[in-house]
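The block underneath contains the structure these notes are about, expressed in structure tokens.
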Amino acid sequence: MIGEVVPGTRRIAVLRDPTTGPWQLAAIKAAAEKLRIELQVLEVRSPGELEQALGAMLTGGARALVQLSSPLFDLAVAKNTIADFTVKHRLPAISMFRGFAEAGGLMSYGPNLPEYLKRLPVYIDKILKGANPADLPIEQPTKFDFVINLKTAKAFGLTMPQSLRVQAELID
């Protein structure tokens with residue numbers, strides 16, 4: 001998606017919390033290799049490391065930012081820090097957290113968390129009735145939110161492709 005918004009981008013920063021496991025990074029590396037995009041991986045383990053990692057993005061020449069999934073990045077302070085930084089430096093960015101786009105970031109795409117959490121009571125009920133949590137299946141999200149912040153896009157001078165606009169919830 002970020003490649004559609006900023007065509008010709010050859011270097012993208014990836015904000016990553018290494019405690020979330022390797023699968024997300026492996027997936028984005030595979031996609032970047034196919035598209036011939038160089039990645040600048042920025043590892044962050046705490047909100048206090050955000051400013052330094054984001055600064056490294058600027059000095060590293062990245063033209064956009066992809067924020068991988070981590071509860072760390074959905075914290076209000078982190079979400080606002082990242083959104084404010086990308087807006088200040090006019091860097092197109094995407095997060096899986098809707099709150100990022102609502103805080104001023106360009107885009108978000110990820111599971112609809114309220115819908116996903118509606119199924120939590122079923123698991124709690126099963127556990128309270130004696131089910132072993134390790135025996136319960138892991139459910140995948142079935143509903144996703146794609147949000148584009150049009151005010152940010154306009155401030156960046158970006159024209160959002162129609163192919164993305166028709167799929168997204170557009171906010172100002």
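Chain labels follow the order of the structure tokens: the first chain is A, the next B, and so on; residue numbering restarts at 1 in every chain, and ligands are counted from 1 in their shown order.
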For Ala76 in chain A: contacts at 12 Å, only C-alpha atoms, fewer than 6 positions along chain excluded, given as number ranges by chain: A: 47, 82-84, 97-100, 102-103
Neighbour list for Thr9 in chain A as a VMD selection string, cut-off 10 Å, only C-alpha atoms, skip fewer than 4 positions in-chain: chain A and resid 2 to 5 35 to 38 62 to 64
Residue set, chain A restricted to helix (DSSP H, G or I), as JSON, numbers by chain: {"A": [2, 3, 4, 5, 18, 19, 20, 23, 24, 25, 26, 27, 28, 29, 30, 31, 32, 33, 34, 35, 47, 48, 49, 50, 51, 52, 53, 54, 55, 56, 57, 58, 59, 71, 72, 73, 74, 76, 77, 78, 79, 80, 81, 82, 83, 84, 85, 86, 87, 88, 98, 99, 100, 101, 102, 113, 114, 115, 116, 117, 120, 121, 122, 123, 124, 125, 126, 127, 128, 133, 134, 135, 150, 151, 152, 153, 154, 155, 156, 162, 163, 164, 165]}
Write out as an mmCIF file with C-alpha atoms, in the first residue's frame the residues lying within 10 Å of Thr142 in chain A, counting only C-alpha atoms and excluding same-chain residues fewer than 4 positions away.
data_model
loop_
_atom_site.group_PDB
_atom_site.id
_atom_site.type_symbol
_atom_site.label_atom_id
_atom_site.label_comp_id
_atom_site.auth_asym_id
_atom_site.auth_seq_id
_atom_site.Cartn_x
_atom_site.Cartn_y
_atom_site.Cartn_z
ATOM 1 C CA PRO A 111 -7.795 -6.048 12.425
ATOM 2 C CA ASN A 112 -10.894 -4.360 13.758
ATOM 3 C CA GLU A 115 -14.897 -6.919 16.637
ATOM 4 C CA TYR A 116 -12.018 -9.285 17.440
#
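Proximity of A:Pro161, A:Pro141, A:Gly130, A:Pro18 to Leu113 in chain A, computed with only C-alpha atoms, is greatest for A:Pro141.
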All residues 7 Å or closer to Lys151 in chain A, only C-alpha atoms, same chain fewer than 3 positions away omitted, as a ChimeraX atom specification: /A:154-155,172
At a cut-off of 10 Å, using only C-alpha atoms, what residues contact Leu91 in chain A? Leave out same-chain residues fewer than 4 positions from it and give the result as a PDB file with C-alpha atoms, in the first residue's frame.
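What landed in out.pdb:
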ATOM      1  CA  VAL A   6       4.754   6.913  -2.934  1.00  0.00           C
ATOM      2  CA  LEU A  58      15.935  10.382   8.556  1.00  0.00           C
ATOM      3  CA  ALA A  62      14.109   6.254   4.102  1.00  0.00           C
ATOM      4  CA  ARG A  63      11.220   7.853   2.174  1.00  0.00           C
ATOM      5  CA  ALA A  64       8.371   6.109   4.011  1.00  0.00           C
ATOM      6  CA  LEU A  65       7.679   4.130   7.181  1.00  0.00           C
ATOM      7  CA  ALA A  83       2.342  10.160  14.042  1.00  0.00           C
ATOM      8  CA  PHE A  85       7.177  12.677  13.741  1.00  0.00           C
ATOM      9  CA  THR A  86       5.914  11.449  10.369  1.00  0.00           C
ATOM     10  CA  VAL A  87       3.731  14.538   9.927  1.00  0.00           C
ATOM     11  CA  GLY A 105      -0.568   9.401  10.631  1.00  0.00           C
ATOM     12  CA  LEU A 106      -1.256   8.797   6.947  1.00  0.00           C
ATOM     13  CA  THR A 152      -2.367  14.309   6.244  1.00  0.00           C
ATOM     14  CA  PHE A 156       2.040  15.934   2.200  1.00  0.00           C
TER      15      PHE A 156
END
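Put simply, CA of Glu51 in chain A is 13.9 Å away from CA of Ala13 in chain A.
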In range 72-153 of chain A, DSSP strand (DSSP E or B) residues written as a list in words: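 Secondary structure check on range 72-153 of chain A, strand (DSSP E or B): Ala93, Ile94, Ser95, Met107, Ser108, Tyr109, Gly110, Pro111, Phe144, Asp145, Phe146, Val147, Ile148 and Asn149 of chain A.
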Just the selected residues (N, CA and C atoms), exported as a PDB file, in the first residue's frame, please.
ATOM      1  N   ALA A  93       3.436   7.071   6.148  1.00  0.00           N
ATOM      2  CA  ALA A  93       3.602   5.935   7.053  1.00  0.00           C
ATOM      3  C   ALA A  93       2.301   5.162   7.168  1.00  0.00           C
ATOM      4  N   ILE A  94       2.441   3.874   7.450  1.00  0.00           N
ATOM      5  CA  ILE A  94       1.286   3.012   7.680  1.00  0.00           C
ATOM      6  C   ILE A  94       1.531   2.197   8.937  1.00  0.00           C
ATOM      7  N   SER A  95       0.452   2.021   9.695  1.00  0.00           N
ATOM      8  CA  SER A  95       0.465   1.246  10.929  1.00  0.00           C
ATOM      9  C   SER A  95      -0.700   0.275  10.885  1.00  0.00           C
ATOM     10  N   MET A 107      -1.878   6.434   7.167  1.00  0.00           N
ATOM     11  CA  MET A 107      -2.741   5.284   6.907  1.00  0.00           C
ATOM     12  C   MET A 107      -2.629   4.246   8.012  1.00  0.00           C
ATOM     13  N   SER A 108      -3.678   3.444   8.124  1.00  0.00           N
ATOM     14  CA  SER A 108      -3.611   2.260   8.978  1.00  0.00           C
ATOM     15  C   SER A 108      -4.385   1.132   8.304  1.00  0.00           C
ATOM     16  N   TYR A 109      -3.905  -0.077   8.521  1.00  0.00           N
ATOM     17  CA  TYR A 109      -4.596  -1.262   8.042  1.00  0.00           C
ATOM     18  C   TYR A 109      -4.342  -2.371   9.047  1.00  0.00           C
ATOM     19  N   GLY A 110      -5.406  -2.878   9.634  1.00  0.00           N
ATOM     20  CA  GLY A 110      -5.250  -3.945  10.618  1.00  0.00           C
ATOM     21  C   GLY A 110      -6.586  -4.466  11.076  1.00  0.00           C
ATOM     22  N   PRO A 111      -6.547  -5.461  11.954  1.00  0.00           N
ATOM     23  CA  PRO A 111      -7.795  -6.048  12.425  1.00  0.00           C
ATOM     24  C   PRO A 111      -8.652  -5.033  13.159  1.00  0.00           C
ATOM     25  N   PHE A 144     -11.328  -6.278   9.033  1.00  0.00           N
ATOM     26  CA  PHE A 144     -10.171  -5.398   9.049  1.00  0.00           C
ATOM     27  C   PHE A 144     -10.589  -3.960   8.768  1.00  0.00           C
ATOM     28  N   ASP A 145      -9.813  -3.023   9.295  1.00  0.00           N
ATOM     29  CA  ASP A 145     -10.039  -1.598   9.057  1.00  0.00           C
ATOM     30  C   ASP A 145      -8.885  -1.048   8.220  1.00  0.00           C
ATOM     31  N   PHE A 146      -9.223  -0.335   7.166  1.00  0.00           N
ATOM     32  CA  PHE A 146      -8.246   0.384   6.349  1.00  0.00           C
ATOM     33  C   PHE A 146      -8.662   1.851   6.413  1.00  0.00           C
ATOM     34  N   VAL A 147      -7.802   2.687   6.967  1.00  0.00           N
ATOM     35  CA  VAL A 147      -8.135   4.093   7.190  1.00  0.00           C
ATOM     36  C   VAL A 147      -7.076   4.965   6.526  1.00  0.00           C
ATOM     37  N   ILE A 148      -7.516   5.979   5.806  1.00  0.00           N
ATOM     38  CA  ILE A 148      -6.618   6.973   5.207  1.00  0.00           C
ATOM     39  C   ILE A 148      -6.977   8.328   5.796  1.00  0.00           C
ATOM     40  N   ASN A 149      -5.988   9.036   6.294  1.00  0.00           N
ATOM     41  CA  ASN A 149      -6.177  10.384   6.822  1.00  0.00           C
ATOM     42  C   ASN A 149      -5.959  11.360   5.664  1.00  0.00           C
TER      43      ASN A 149
END
Who sits within 12 Å of range 22-27 of chain A, only C-alpha atoms, same chain under 5 positions skipped, as a count of residues only: 19
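The gap separating CA of Ile138 in chain A from CA of Tyr123 in chain A is 10.0 Å, in Å to one decimal.
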Counting only C-alpha atoms, the option among A:Ala168, A:Leu117, A:Ala78, A:Ala153 closest to Gln140 in chain A: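 For Gln140 in chain A, the nearest of the given residues is A:Leu117.
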